[in-house]
Structure formats: C-alpha cells, structure tokens
$ cat coords-v5.cif   # mmCIF, C-alpha atoms and all ligand atoms
data_target
loop_
_atom_site.label_atom_id
_atom_site.label_comp_id
_atom_site.auth_asym_id
_atom_site.auth_seq_id
_atom_site.Cartn_x
_atom_site.Cartn_y
_atom_site.Cartn_z
CA MET A 1432 -3.67 19.24 -24.52
CA ASN A 1433 -2.52 20.77 -21.28
CA LEU A 1434 -1.08 17.96 -19.19
CA GLY A 1435 -1.37 20.12 -16.08
CA GLN A 1436 -5.16 20.33 -16.27
CA SER A 1437 -6.86 17.52 -18.13
CA PRO A 1438 -7.18 13.91 -17.04
CA HIS A 1439 -4.89 11.76 -19.16
CA ARG A 1440 -2.82 8.60 -19.21
CA ARG A 1441 0.95 8.49 -19.45
CA TYR A 1442 2.98 5.63 -20.86
CA ASN A 1443 5.93 4.09 -19.04
CA PRO A 1444 8.33 2.84 -21.73
CA LEU A 1445 10.42 0.98 -19.15
CA THR A 1446 7.57 -1.28 -18.11
CA ASP A 1447 5.15 -1.00 -21.06
CA GLU A 1448 2.44 0.10 -18.60
CA TRP A 1449 0.25 3.18 -18.19
CA VAL A 1450 -0.60 5.51 -15.31
CA LEU A 1451 -3.76 7.62 -15.03
CA VAL A 1452 -3.13 11.29 -14.13
CA SER A 1453 -5.95 13.45 -12.73
CA PRO A 1454 -4.44 16.91 -12.18
CA HIS A 1455 -7.82 18.71 -12.02
CA ARG A 1456 -8.27 17.15 -8.59
CA THR A 1457 -5.44 19.24 -7.19
CA GLN A 1458 -5.93 22.52 -9.02
CA ARG A 1459 -6.71 24.30 -5.79
CA PRO A 1460 -3.60 25.85 -4.24
CA TRP A 1461 -1.65 23.85 -1.73
CA LEU A 1462 -3.96 24.02 1.28
CA GLY A 1463 -2.68 20.98 3.09
CA GLN A 1464 -1.26 21.87 6.44
CA ILE A 1465 2.22 20.46 6.76
CA GLU A 1466 2.10 18.55 9.99
CA SER A 1467 5.42 17.47 11.34
CA PRO A 1468 5.06 14.94 14.11
CA PRO A 1469 7.35 15.50 17.10
CA ALA A 1470 10.82 14.45 15.99
CA GLU A 1471 11.54 11.10 17.55
CA SER A 1472 14.93 11.34 19.14
CA LEU A 1473 16.92 8.19 18.74
CA PRO A 1474 20.01 7.35 20.78
CA MET A 1475 23.40 7.11 19.02
CA TYR A 1476 23.57 3.56 20.27
CA ASP A 1477 20.64 1.33 21.22
CA PRO A 1478 21.47 -1.73 23.34
CA GLU A 1479 18.31 -3.42 21.99
CA CYS A 1480 19.15 -2.87 18.29
CA TYR A 1481 20.37 -5.96 16.45
CA LEU A 1482 22.26 -3.79 13.95
CA CYS A 1483 24.24 -1.64 16.41
CA PRO A 1484 27.96 -2.44 16.86
CA GLY A 1485 28.77 -5.12 19.42
CA ASN A 1486 25.16 -6.26 19.85
CA THR A 1487 23.87 -9.81 19.55
CA ARG A 1488 21.48 -10.57 16.70
CA ALA A 1489 18.38 -12.74 16.90
CA GLY A 1490 20.24 -15.71 15.44
CA GLY A 1491 22.76 -15.49 18.31
CA LYS A 1492 25.65 -14.04 16.28
CA ARG A 1493 27.39 -10.95 17.63
CA ASN A 1494 28.12 -7.87 15.48
CA PRO A 1495 31.73 -6.66 15.50
CA VAL A 1496 32.39 -3.23 16.98
CA TYR A 1497 32.37 -1.76 13.46
CA ASP A 1498 33.17 1.90 12.85
CA SER A 1499 32.12 2.32 9.20
CA THR A 1500 29.90 -0.02 7.17
CA PHE A 1501 29.14 -3.62 8.15
CA VAL A 1502 27.87 -6.42 5.89
CA PHE A 1503 26.43 -9.72 7.10
CA GLU A 1504 24.26 -12.56 5.79
CA ASN A 1505 20.63 -12.09 6.75
CA ASP A 1506 19.85 -14.33 9.73
CA PHE A 1507 16.37 -15.00 8.36
CA ALA A 1508 17.25 -15.07 4.67
CA ALA A 1509 14.50 -15.42 2.09
CA LEU A 1510 16.89 -17.47 -0.05
CA VAL A 1511 19.73 -19.89 0.54
CA PRO A 1512 22.65 -20.81 -1.76
CA SER A 1513 22.14 -24.57 -1.68
CA SER A 1514 20.11 -26.04 -4.52
CA SER A 1515 17.05 -28.13 -3.96
CA ALA A 1516 15.84 -31.12 -5.98
CA PRO A 1517 14.22 -30.22 -9.33
CA LEU A 1518 10.54 -29.47 -8.97
CA PRO A 1519 8.00 -31.64 -10.78
CA GLN A 1520 6.56 -30.02 -13.94
CA ASP A 1521 3.43 -32.03 -14.49
CA ASP A 1522 1.13 -29.25 -15.64
CA ALA A 1523 1.92 -26.25 -17.84
CA LEU A 1524 -0.43 -24.14 -15.73
CA LEU A 1525 1.28 -25.06 -12.48
CA ARG A 1526 4.81 -23.90 -13.14
CA ALA A 1527 7.40 -23.55 -10.41
CA ALA A 1528 11.14 -23.22 -10.44
CA SER A 1529 13.66 -23.70 -7.67
CA GLU A 1530 15.55 -20.58 -6.68
CA ARG A 1531 18.91 -20.13 -5.00
CA GLY A 1532 20.23 -16.91 -3.60
CA ILE A 1533 22.08 -14.98 -0.94
CA CYS A 1534 20.57 -12.22 1.19
CA ARG A 1535 22.82 -9.76 2.96
CA VAL A 1536 22.29 -6.73 5.14
CA ILE A 1537 24.53 -3.65 4.82
CA CYS A 1538 24.67 -1.32 7.82
CA PHE A 1539 25.50 2.17 6.56
CA SER A 1540 26.96 3.47 9.81
CA PRO A 1541 27.49 2.50 13.45
CA ARG A 1542 25.29 5.49 14.37
CA HIS A 1543 21.81 4.21 15.25
CA ASP A 1544 20.34 7.71 15.02
CA TRP A 1545 21.57 8.59 11.53
CA THR A 1546 20.05 8.17 8.08
CA LEU A 1547 21.71 8.95 4.74
CA PRO A 1548 20.98 12.72 4.82
CA ASN A 1549 22.61 12.99 8.27
CA MET A 1550 25.72 11.11 7.26
CA PRO A 1551 28.95 12.85 6.24
CA LEU A 1552 29.56 12.63 2.49
CA ALA A 1553 32.66 10.46 2.95
CA ASP A 1554 30.60 7.89 4.86
CA ILE A 1555 27.93 7.78 2.14
CA ARG A 1556 30.70 7.32 -0.40
CA ARG A 1557 31.84 4.29 1.57
CA VAL A 1558 28.28 2.91 1.32
CA VAL A 1559 28.36 3.37 -2.46
CA GLU A 1560 31.68 1.53 -2.62
CA VAL A 1561 30.20 -1.34 -0.61
CA TRP A 1562 27.31 -1.55 -3.12
CA ARG A 1563 29.92 -1.77 -5.89
CA GLU A 1564 31.94 -4.42 -4.00
CA GLN A 1565 28.90 -6.52 -3.13
CA THR A 1566 27.64 -6.45 -6.72
CA GLN A 1567 31.09 -7.56 -7.85
CA GLU A 1568 31.50 -10.27 -5.24
CA LEU A 1569 28.01 -11.76 -5.42
CA GLY A 1570 27.69 -11.34 -9.18
CA ALA A 1571 30.90 -13.35 -9.63
CA LEU A 1572 29.31 -16.45 -8.06
CA ASP A 1573 28.36 -18.83 -10.83
CA PHE A 1574 24.77 -19.38 -9.72
CA VAL A 1575 24.07 -15.67 -9.21
CA ASN A 1576 22.55 -13.99 -12.25
CA TYR A 1577 21.19 -10.79 -10.73
CA VAL A 1578 22.16 -8.59 -7.77
CA GLN A 1579 19.39 -6.41 -6.32
CA VAL A 1580 20.47 -3.61 -3.95
CA PHE A 1581 17.54 -1.98 -2.16
CA GLU A 1582 16.72 0.15 0.87
CA ASN A 1583 13.42 0.05 2.69
CA LYS A 1584 13.29 3.09 4.96
CA GLY A 1585 10.77 4.03 7.64
CA ALA A 1586 8.11 2.24 9.66
CA LEU A 1587 5.55 3.34 7.04
CA MET A 1588 7.34 1.10 4.56
CA GLY A 1589 7.47 -1.75 7.02
CA ALA A 1590 11.15 -1.30 7.87
CA SER A 1591 11.61 -3.09 11.16
CA ASN A 1592 14.57 -1.11 12.45
CA PRO A 1593 15.48 2.61 12.16
CA HIS A 1594 19.22 1.79 12.17
CA PRO A 1595 20.47 2.95 8.72
CA HIS A 1596 20.81 -0.11 6.52
CA CYS A 1597 19.90 -1.65 3.19
CA GLN A 1598 19.82 -5.12 1.74
CA VAL A 1599 21.35 -6.92 -1.18
CA TRP A 1600 19.68 -10.02 -2.57
CA ALA A 1601 21.60 -12.03 -5.15
CA THR A 1602 19.46 -14.49 -7.10
CA GLU A 1603 19.66 -17.24 -9.66
CA HIS A 1604 16.90 -15.69 -11.78
CA ILE A 1605 16.50 -12.11 -12.96
CA PRO A 1606 13.53 -10.89 -10.87
CA THR A 1607 10.30 -9.68 -12.45
CA GLU A 1608 10.81 -5.86 -12.36
CA PRO A 1609 14.36 -5.67 -13.73
CA ALA A 1610 13.49 -8.42 -16.26
CA LYS A 1611 10.54 -6.38 -17.53
CA GLU A 1612 12.63 -3.20 -17.82
CA LEU A 1613 15.51 -5.05 -19.42
CA ARG A 1614 13.18 -6.41 -22.13
CA ALA A 1615 11.84 -2.92 -22.84
CA GLN A 1616 15.35 -1.46 -23.02
CA ALA A 1617 16.53 -4.27 -25.31
CA ASP A 1618 13.51 -3.80 -27.61
CA TYR A 1619 14.17 -0.04 -27.74
CA LEU A 1620 17.85 -0.56 -28.55
CA GLN A 1621 16.94 -2.95 -31.33
CA SER A 1622 14.40 -0.64 -32.95
CA HIS A 1623 16.12 2.75 -32.36
CA HIS A 1624 19.81 1.76 -32.18
CA THR A 1625 20.09 4.04 -29.15
CA CYS A 1626 19.60 3.60 -25.39
CA LEU A 1627 16.11 4.27 -24.03
CA LEU A 1628 17.30 6.01 -20.85
CA CYS A 1629 20.10 7.95 -22.60
CA ASP A 1630 17.45 9.30 -24.99
CA TYR A 1631 15.06 9.99 -22.12
CA LEU A 1632 17.77 11.87 -20.19
CA VAL A 1633 18.38 14.18 -23.17
CA ILE A 1634 14.67 15.07 -23.24
CA GLU A 1635 14.47 15.68 -19.47
CA LEU A 1636 17.61 17.86 -19.46
CA ALA A 1637 16.24 19.93 -22.33
CA ARG A 1638 12.76 20.39 -20.83
CA ALA A 1639 13.97 20.79 -17.24
CA GLU A 1640 10.42 20.76 -15.81
CA ARG A 1641 10.83 17.40 -14.10
CA LEU A 1642 14.45 17.82 -12.96
CA VAL A 1643 15.06 17.65 -9.22
CA VAL A 1644 18.83 17.71 -8.74
CA GLN A 1645 21.92 16.96 -10.81
CA ASN A 1646 25.71 16.85 -10.66
CA ASP A 1647 28.52 16.00 -13.09
CA HIS A 1648 27.64 12.30 -13.25
CA PHE A 1649 24.01 11.85 -12.17
CA VAL A 1650 20.59 13.38 -12.71
CA VAL A 1651 17.42 12.92 -10.64
CA VAL A 1652 14.02 13.45 -12.24
CA VAL A 1653 10.41 12.83 -11.34
CA PRO A 1654 9.74 10.51 -14.28
CA PHE A 1655 7.07 11.59 -16.78
CA TRP A 1656 5.25 8.33 -15.95
CA ALA A 1657 5.77 8.40 -12.14
CA ILE A 1658 3.13 6.61 -10.07
CA TRP A 1659 3.97 7.60 -6.48
CA PRO A 1660 3.43 11.31 -5.65
CA PHE A 1661 7.13 12.09 -5.08
CA GLU A 1662 8.63 9.18 -6.97
CA THR A 1663 12.03 9.91 -8.53
CA MET A 1664 14.49 8.19 -10.81
CA LEU A 1665 18.23 8.63 -10.44
CA LEU A 1666 20.08 8.21 -13.74
CA ALA A 1667 23.75 7.92 -14.60
CA ARG A 1668 24.69 10.51 -17.24
CA ARG A 1669 27.13 8.09 -18.84
CA HIS A 1670 25.77 4.93 -20.44
CA LEU A 1671 26.90 2.32 -17.94
CA GLY A 1672 25.05 -0.76 -16.85
CA SER A 1673 26.16 -1.76 -13.40
CA LEU A 1674 27.34 -0.43 -10.07
CA THR A 1675 30.57 -2.31 -10.86
CA ASP A 1676 31.10 0.04 -13.83
CA LEU A 1677 31.28 3.12 -11.57
CA ASN A 1678 34.68 4.77 -11.46
CA ASP A 1679 35.85 6.54 -8.31
CA ALA A 1680 34.62 9.96 -9.43
CA GLU A 1681 31.19 8.46 -10.15
CA CYS A 1682 31.10 6.80 -6.72
CA ALA A 1683 31.74 10.19 -5.13
CA ALA A 1684 29.11 11.82 -7.34
CA LEU A 1685 26.55 9.12 -6.52
CA ALA A 1686 27.11 9.74 -2.80
CA ASP A 1687 26.69 13.48 -3.40
CA ILE A 1688 23.44 13.16 -5.33
CA ILE A 1689 21.97 10.69 -2.81
CA LYS A 1690 22.73 13.05 0.07
CA ARG A 1691 21.18 15.99 -1.78
CA LEU A 1692 18.08 14.09 -2.87
CA THR A 1693 17.38 12.51 0.52
CA THR A 1694 17.92 15.87 2.27
CA ARG A 1695 15.30 17.44 0.00
CA TYR A 1696 12.99 14.53 0.77
CA ASP A 1697 13.45 15.01 4.54
CA ASN A 1698 12.79 18.74 4.22
CA LEU A 1699 9.59 18.25 2.20
CA PHE A 1700 7.43 17.28 5.18
CA ARG A 1701 10.09 17.91 7.85
CA ILE A 1702 10.39 14.26 8.76
CA SER A 1703 12.77 11.42 8.08
CA PHE A 1704 11.18 10.64 4.71
CA PRO A 1705 10.16 7.02 4.17
CA TYR A 1706 10.72 5.25 0.87
CA SER A 1707 11.69 2.07 -0.87
CA MET A 1708 14.55 2.55 -3.27
CA GLY A 1709 16.72 0.25 -5.31
CA PHE A 1710 19.05 0.03 -8.28
CA HIS A 1711 18.38 -1.66 -11.58
CA GLN A 1712 21.57 -2.89 -13.16
CA THR A 1713 23.07 -5.36 -15.61
CA PRO A 1714 22.38 -9.02 -14.81
CA THR A 1715 25.45 -11.08 -13.92
CA ASP A 1716 24.44 -14.00 -16.14
CA GLY A 1717 27.45 -13.62 -18.43
CA ALA A 1718 25.50 -12.07 -21.33
CA ALA A 1719 26.41 -8.54 -22.48
CA HIS A 1720 23.07 -6.68 -22.02
CA PRO A 1721 24.23 -3.49 -23.83
CA ALA A 1722 20.74 -1.97 -23.46
CA MET A 1723 20.85 -1.74 -19.65
CA HIS A 1724 21.34 1.77 -18.28
CA LEU A 1725 22.12 1.96 -14.55
CA HIS A 1726 19.45 3.78 -12.56
CA ALA A 1727 17.70 3.82 -9.20
CA HIS A 1728 14.02 4.23 -8.38
CA TYR A 1729 12.78 5.99 -5.24
CA TYR A 1730 9.21 5.08 -4.31
CA PRO A 1731 8.05 7.18 -1.32
CA PRO A 1732 4.50 6.57 -0.04
CA LEU A 1733 3.72 10.05 1.33
CA LEU A 1734 1.26 12.31 -0.43
CA ARG A 1735 0.52 15.55 1.41
CA SER A 1736 2.14 15.51 4.82
CA ALA A 1737 4.07 13.35 7.22
CA THR A 1738 0.93 11.41 7.99
CA ILE A 1739 -1.09 11.42 4.77
CA ARG A 1740 0.01 8.61 2.53
CA LYS A 1741 -1.04 7.36 -0.84
CA PHE A 1742 -2.68 3.96 -0.94
CA MET A 1743 -2.56 1.72 -3.96
CA VAL A 1744 -6.04 0.29 -3.57
CA GLY A 1745 -9.35 0.12 -5.39
CA TYR A 1746 -8.96 1.29 -8.98
CA GLU A 1747 -5.19 0.97 -8.71
CA MET A 1748 -5.28 -2.64 -7.58
CA LEU A 1749 -8.00 -3.64 -9.98
CA ALA A 1750 -7.39 -1.41 -12.98
CA GLU A 1751 -4.43 1.00 -13.21
CA PRO A 1752 -2.28 3.24 -11.01
CA GLN A 1753 -3.60 6.78 -10.67
CA ARG A 1754 -2.16 10.05 -9.37
CA ASP A 1755 -3.50 13.54 -8.70
CA ILE A 1756 -0.46 15.80 -8.27
CA THR A 1757 1.39 15.89 -11.60
CA PRO A 1758 5.03 14.80 -11.88
CA GLU A 1759 5.85 18.41 -12.92
CA THR A 1760 4.32 19.81 -9.71
CA ALA A 1761 6.08 17.19 -7.59
CA ALA A 1762 9.41 18.04 -9.22
CA ALA A 1763 8.85 21.76 -8.63
CA ARG A 1764 8.12 21.11 -4.93
CA LEU A 1765 11.30 19.06 -4.56
CA ARG A 1766 13.32 21.73 -6.39
CA GLU A 1767 12.09 24.35 -3.89
CA MET A 1768 13.54 22.39 -0.97
CA SER A 1769 16.82 23.35 0.63
CA GLU A 1770 19.82 21.02 0.57
CA MET A 1771 20.56 21.96 4.17
CA LEU A 1772 18.78 19.55 6.50
CA ASP A 1773 16.02 21.35 8.39
CA LYS A 1774 16.60 20.25 11.98
CA SER A 1775 13.58 22.02 13.47
ZN ZN B 1801 21.17 0.39 15.91
ZN ZN B 1802 22.06 4.67 -21.75
ZN ZN B 1803 14.24 0.41 -13.25
#

$ encode --input "coords-v5.cif" --output "structure tokens"
Amino acid sequence: MNLGQSPHRRYNPLTDEWVLVSPHRTQRPWLGQIESPPAESLPMYDPECYLCPGNTRAGGKRNPVYDSTFVFENDFAALVPSSSAPLPQDDALLRAASERGICRVICFSPRHDWTLPNMPLADIRRVVEVWREQTQELGALDFVNYVQVFENKGALMGASNPHPHCQVWATEHIPTEPAKELRAQADYLQSHHTCLLCDYLVIELARAERLVVQNDHFVVVVPFWAIWPFETMLLARRHLGSLTDLNDAECAALADIIKRLTTRYDNLFRISFPYSMGFHQTPTDGAAHPAMHLHAHYYPPLLRSATIRKFMVGYEMLAEPQRDITPETAAARLREMSEMLDKS
C-alpha cells in the first residue's frame, strides 16, 4: 500500500488512538497562494501590556523591571494550593475529586515584540533553564505530582497577549494526556523491555522521511500519526524522563533546536506561526516511571496559509481526527524552510 496515495488510518501508540489520512485529496500540486498578512509591527515596550517590565498587572501587582526571564503566579489561576473539603462520593457515576495546584506565567524576555525565533540563543537557553528550575521547584512540593510546561502562541490559539511567555501548571493529579501516554509507554516497556520513544526514534532516524531538524541531543519529526497538518514532536536522543534530567549541554541543545524549529515554522507562511506546545515529562509523585521519555508536542492550527486553518469539527469531533496532507509531505515542506528568519 502506498501511504502517499490511498486513504488509510494510522495508529498512535502513545495514545492508543487512530487518525484517518486522506492523501488523495491533496494530490494536486501545491496551488494554494501563500498569503502573508501585513506584518503587525509591535513596539519593544507596550505601556498597556501586563507582561512588560515595570507595568501593573490586572490584579494590581507591579512587574519588576526585569531584563531576562520573569516568573510570577498567575493572577487569575485555574488552581490554588490550598485544599478544599473532601467531595461527597454518593454515586459511582457522579465522580469528582478535589484538585490543588499552582499556575505560573514565565515571561521569556522583556522585549514585547519578540518571539522565540527572534530571541538570541543565549536568551532561549535561559528560558530552558527556567523550565528546568520550575519543574524542580514545583515538583518538589509534596502535593504536586505533575508539572505541565506549555506555550500557547498567537491570537488564533486564543493567546491573549503577544508578549513572549508560557505557563507552568503544577497539579496534584497527573492530567489526562500525560497519564494516557504514560500508560502506553509503561505497557510498551513491560511487553518489549525497551522504551517506546527510543525505539520510535531509531525508526525515524533510519527512514528520515519525517525528520524536520536535529542536533546532537534532540530530534524533531512530524510523527507518523500526526493529526494537525504541521504537528511535530521534539524528542530527546538520550532516554531521560524530565526537564530536570537535562544537563547543561542538553539545555543549550534544546534552545538551539527550538530556535531552528520555530524559525522554520515562521518561514512556512511568513508569519509569526501560532501553535500550542508543551512538554510531557516524568510525574513528580515519587514513583520511578522508567518508561517516560521526555518529549514536546507542537500543535499548530494552520493548514495552507496564514489565514487558512484546520478545524477539528464534524467527523473529527464525532468520529476520528482526519488529515489530508500526509506527515511525510508536511515534514518535507518544513525541511525546505530556511533557518534564517525571513523578515520580509
Ligand atoms: Zn509586553
Ligand atoms: Zn526512551
Ligand atoms: Zn506526549
């Protein structure tokens, strides 16, 4: 079967779910005009931005005049550290559990007009080190069992502020997505006595058709089972479970690969490319979790241009995710992109 031509389903071993691939719908050559909307020019400093240095936030607190990264507790946190009274469990079909947590915001840079691809490598490296520190610090709290680092970028993804930032949510429970993937990785380790993502990386490096970018310590692929058109997965080459396991050389390499990947993304449709991304790492619940392999997912919504996005509706909401452009074609497009930011 030619996976580039016939409709087929692909299996995601990390989630035990399937995606429908319909490549025949895009067999025509790339006709889509690449529209780049006029580049919005942002100021270096915005007096109205609640993340810029020295400004007052909605809660009334004032940001320091920071010159690198800046971390603060979310003023409108989805979770709080104090525990509530146990919830009544009077019906097995009406289950609820109390949840404690801490939500923080990490500003990447004082520069309001920058995003990761604009930032100097040393500054991105500082961001990576803050991810490592925050995972360490929050994960050490006795009620915190999982630390989720994620970035929601661009108005298309609902990000409320263009100022470069991400969030870290530390929770009492392991959330649904990492819990699902952890189970799959643990099952794989038990039945194969090897790591699912280490084995997957060997296959992708050998086949090369879904590789996007790599360096000494990390590899980015469009996963075989990707759902979003330009979805990627960033994998550590070494089997390590957590951001806290990164040594200094790996921190530098992670900064390098993030800059190169996000630059390619920006060049694809010549816009500041929107996405949601986040790391999946070892829970901080005190158990060993040897199956967990540190990785990040990038989920960008755009399909064909700066303005044409993929919607997860209809069949996808009711039945199964579906894609037209194959992961191999998406990877080839990203490989063609320059790693010099196109400023036009
Ligand atoms: Zn700002
Ligand atoms: Zn591994
Ligand atoms: Zn994952």

$ residues_near_ligand --input "coords-v5.cif" --ligand "ligand ZN 1802 (chain B)" --cutoff "8 Å" --atoms "only C-alpha atoms and all ligand atoms" --output "list of chain:residue names"
A:Thr1625, A:Cys1626, A:Leu1627, A:Leu1628, A:Cys1629, A:Asp1630, A:Arg1668, A:Arg1669, A:His1670, A:Leu1671, A:Gly1672, A:Ala1722, A:Met1723, A:His1724, A:Leu1725

$ write_last_selection --input "coords-v5.cif" --atoms "C-alpha atoms" --output "short mmCIF file (atom, residue, chain, number, x, y, z; two decimals), in the coordinates of the input"
data_model
loop_
_atom_site.label_atom_id
_atom_site.label_comp_id
_atom_site.auth_asym_id
_atom_site.auth_seq_id
_atom_site.Cartn_x
_atom_site.Cartn_y
_atom_site.Cartn_z
CA THR A 1625 20.09 4.04 -29.15
CA CYS A 1626 19.60 3.60 -25.39
CA LEU A 1627 16.11 4.27 -24.03
CA LEU A 1628 17.30 6.01 -20.85
CA CYS A 1629 20.10 7.95 -22.60
CA ASP A 1630 17.45 9.30 -24.99
CA ARG A 1668 24.69 10.51 -17.24
CA ARG A 1669 27.13 8.09 -18.84
CA HIS A 1670 25.77 4.93 -20.44
CA LEU A 1671 26.90 2.32 -17.94
CA GLY A 1672 25.05 -0.76 -16.85
CA ALA A 1722 20.74 -1.97 -23.46
CA MET A 1723 20.85 -1.74 -19.65
CA HIS A 1724 21.34 1.77 -18.28
CA LEU A 1725 22.12 1.96 -14.55
#

$ closest_residue --input "coords-v5.cif" --among "A:His1648, A:Lys1741, A:His1543, A:His1604" --to "Arg1531 in chain A" --atoms "all atoms listed in the file"
A:His1604

$ closest_residue --input "coords-v5.cif" --among "A:Cys1538, A:Ala1523, A:Pro1512, A:Tyr1442" --to "ligand ZN 1801 (chain B)" --atoms "all atoms listed in the file"
A:Cys1538

$ residues_near_ligand --input "coords-v5.cif" --ligand "ligand ZN 1801 (chain B)" --cutoff "8 Å" --atoms "only C-alpha atoms and all ligand atoms" --output "PyMOL selection string"
chain A and resi 1475-1484+1541-1544+1592-1595

$ closest_residue --input "coords-v5.cif" --among "A:Ser1437, A:Asn1443, A:Arg1526, A:Trp1562" --to "Tyr1631 in chain A" --atoms "only C-alpha atoms"
A:Asn1443

$ residues_near_point --input "coords-v5.cif" --point "(14.5, 15.6, 2.3)" --cutoff "10 Å" --atoms "only C-alpha atoms" --output "compact mmCIF listing (two decimals) with C-alpha atoms, keeping the file's coordinate frame"
# COMPACT_ATOMS: atom_id res chain seq x y z
CA PRO A 1548 20.98 12.72 4.82
CA LYS A 1690 22.73 13.05 0.07
CA ARG A 1691 21.18 15.99 -1.78
CA LEU A 1692 18.08 14.09 -2.87
CA THR A 1693 17.38 12.51 0.52
CA THR A 1694 17.92 15.87 2.27
CA ARG A 1695 15.30 17.44 0.00
CA TYR A 1696 12.99 14.53 0.77
CA ASP A 1697 13.45 15.01 4.54
CA ASN A 1698 12.79 18.74 4.22
CA LEU A 1699 9.59 18.25 2.20
CA PHE A 1700 7.43 17.28 5.18
CA ARG A 1701 10.09 17.91 7.85
CA ILE A 1702 10.39 14.26 8.76
CA SER A 1703 12.77 11.42 8.08
CA PHE A 1704 11.18 10.64 4.71
CA PRO A 1705 10.16 7.02 4.17
CA LEU A 1765 11.30 19.06 -4.56
CA MET A 1768 13.54 22.39 -0.97
CA SER A 1769 16.82 23.35 0.63
CA GLU A 1770 19.82 21.02 0.57
CA MET A 1771 20.56 21.96 4.17
CA LEU A 1772 18.78 19.55 6.50
CA ASP A 1773 16.02 21.35 8.39

$ closest_residue --input "coords-v5.cif" --among "A:Leu1451, A:Ala1686, A:Val1558, A:Ala1657" --to "ligand ZN 1803 (chain B)" --atoms "all atoms listed in the file"
A:Ala1657

$ closest_residue --input "coords-v5.cif" --among "A:Cys1534, A:Ala1553, A:Ala1667, A:Val1578" --to "Phe1507 in chain A" --atoms "all atoms listed in the file"
A:Cys1534

$ atom_distance --input "coords-v5.cif" --atom1 "CA of Arg1557 in chain A" --atom2 "CA of His1720 in chain A"
27.5 Å

$ residues_near_ligand --input "coords-v5.cif" --ligand "ligand ZN 1803 (chain B)" --cutoff "8 Å" --atoms "only C-alpha atoms and all ligand atoms" --output "PyMOL selection string"
chain A and resi 1445+1608-1609+1612+1710-1711+1726-1728

$ residues_around --input "coords-v5.cif" --residues "Val1580 in chain A" --least-positions-apart "4" --cutoff "7 Å" --atoms "all atoms listed in the file" --output "VMD selection string"
chain A and resid 1598 to 1600 1709 to 1710

$ closest_residue --input "coords-v5.cif" --among "A:Ile1533, A:Met1708, A:Ala1761, A:Leu1685" --to "Val1643 in chain A" --atoms "all atoms listed in the file"
A:Ala1761

$ atom_distance --input "coords-v5.cif" --atom1 "CA of Val1575 in chain A" --atom2 "CA of Leu1510 in chain A"
11.8 Å

$ build_atoms --input "coords-v5.cif" --residues "range 1606-1620 of chain A" --atoms "N, CA, C and O atoms" --output "short mmCIF file (atom, residue, chain, number, x, y, z; two decimals), in the coordinates of the input"
data_model
loop_
_atom_site.label_atom_id
_atom_site.label_comp_id
_atom_site.auth_asym_id
_atom_site.auth_seq_id
_atom_site.Cartn_x
_atom_site.Cartn_y
_atom_site.Cartn_z
N PRO A 1606 14.88 -11.08 -11.41
CA PRO A 1606 13.53 -10.89 -10.87
C PRO A 1606 12.61 -10.14 -11.84
O PRO A 1606 13.07 -9.53 -12.82
N THR A 1607 11.34 -10.18 -11.54
CA THR A 1607 10.30 -9.68 -12.45
C THR A 1607 10.52 -8.23 -12.91
O THR A 1607 10.47 -7.94 -14.10
N GLU A 1608 10.74 -7.29 -11.98
CA GLU A 1608 10.81 -5.86 -12.36
C GLU A 1608 12.01 -5.57 -13.26
O GLU A 1608 11.84 -4.99 -14.33
N PRO A 1609 13.23 -5.93 -12.82
CA PRO A 1609 14.36 -5.67 -13.73
C PRO A 1609 14.24 -6.45 -15.04
O PRO A 1609 14.65 -5.94 -16.09
N ALA A 1610 13.64 -7.65 -15.01
CA ALA A 1610 13.49 -8.42 -16.26
C ALA A 1610 12.58 -7.69 -17.24
O ALA A 1610 12.87 -7.59 -18.44
N LYS A 1611 11.49 -7.13 -16.71
CA LYS A 1611 10.54 -6.38 -17.53
C LYS A 1611 11.22 -5.16 -18.16
O LYS A 1611 11.11 -4.89 -19.36
N GLU A 1612 11.96 -4.42 -17.33
CA GLU A 1612 12.63 -3.20 -17.82
C GLU A 1612 13.76 -3.53 -18.80
O GLU A 1612 14.02 -2.79 -19.74
N LEU A 1613 14.43 -4.64 -18.54
CA LEU A 1613 15.51 -5.05 -19.42
C LEU A 1613 14.97 -5.38 -20.81
O LEU A 1613 15.56 -5.00 -21.83
N ARG A 1614 13.82 -6.08 -20.85
CA ARG A 1614 13.18 -6.41 -22.13
C ARG A 1614 12.82 -5.14 -22.89
O ARG A 1614 13.08 -5.02 -24.08
N ALA A 1615 12.24 -4.16 -22.18
CA ALA A 1615 11.84 -2.92 -22.84
C ALA A 1615 13.06 -2.17 -23.37
O ALA A 1615 13.04 -1.62 -24.48
N GLN A 1616 14.13 -2.16 -22.58
CA GLN A 1616 15.35 -1.46 -23.02
C GLN A 1616 15.99 -2.18 -24.22
O GLN A 1616 16.51 -1.54 -25.13
N ALA A 1617 15.96 -3.50 -24.19
CA ALA A 1617 16.53 -4.27 -25.31
C ALA A 1617 15.71 -4.06 -26.58
O ALA A 1617 16.27 -3.87 -27.66
N ASP A 1618 14.37 -4.04 -26.45
CA ASP A 1618 13.51 -3.80 -27.61
C ASP A 1618 13.78 -2.41 -28.19
O ASP A 1618 13.83 -2.22 -29.40
N TYR A 1619 13.93 -1.43 -27.30
CA TYR A 1619 14.17 -0.04 -27.74
C TYR A 1619 15.51 0.05 -28.48
O TYR A 1619 15.60 0.68 -29.53
N LEU A 1620 16.52 -0.59 -27.91
CA LEU A 1620 17.85 -0.56 -28.55
C LEU A 1620 17.78 -1.18 -29.94
O LEU A 1620 18.36 -0.66 -30.90
#
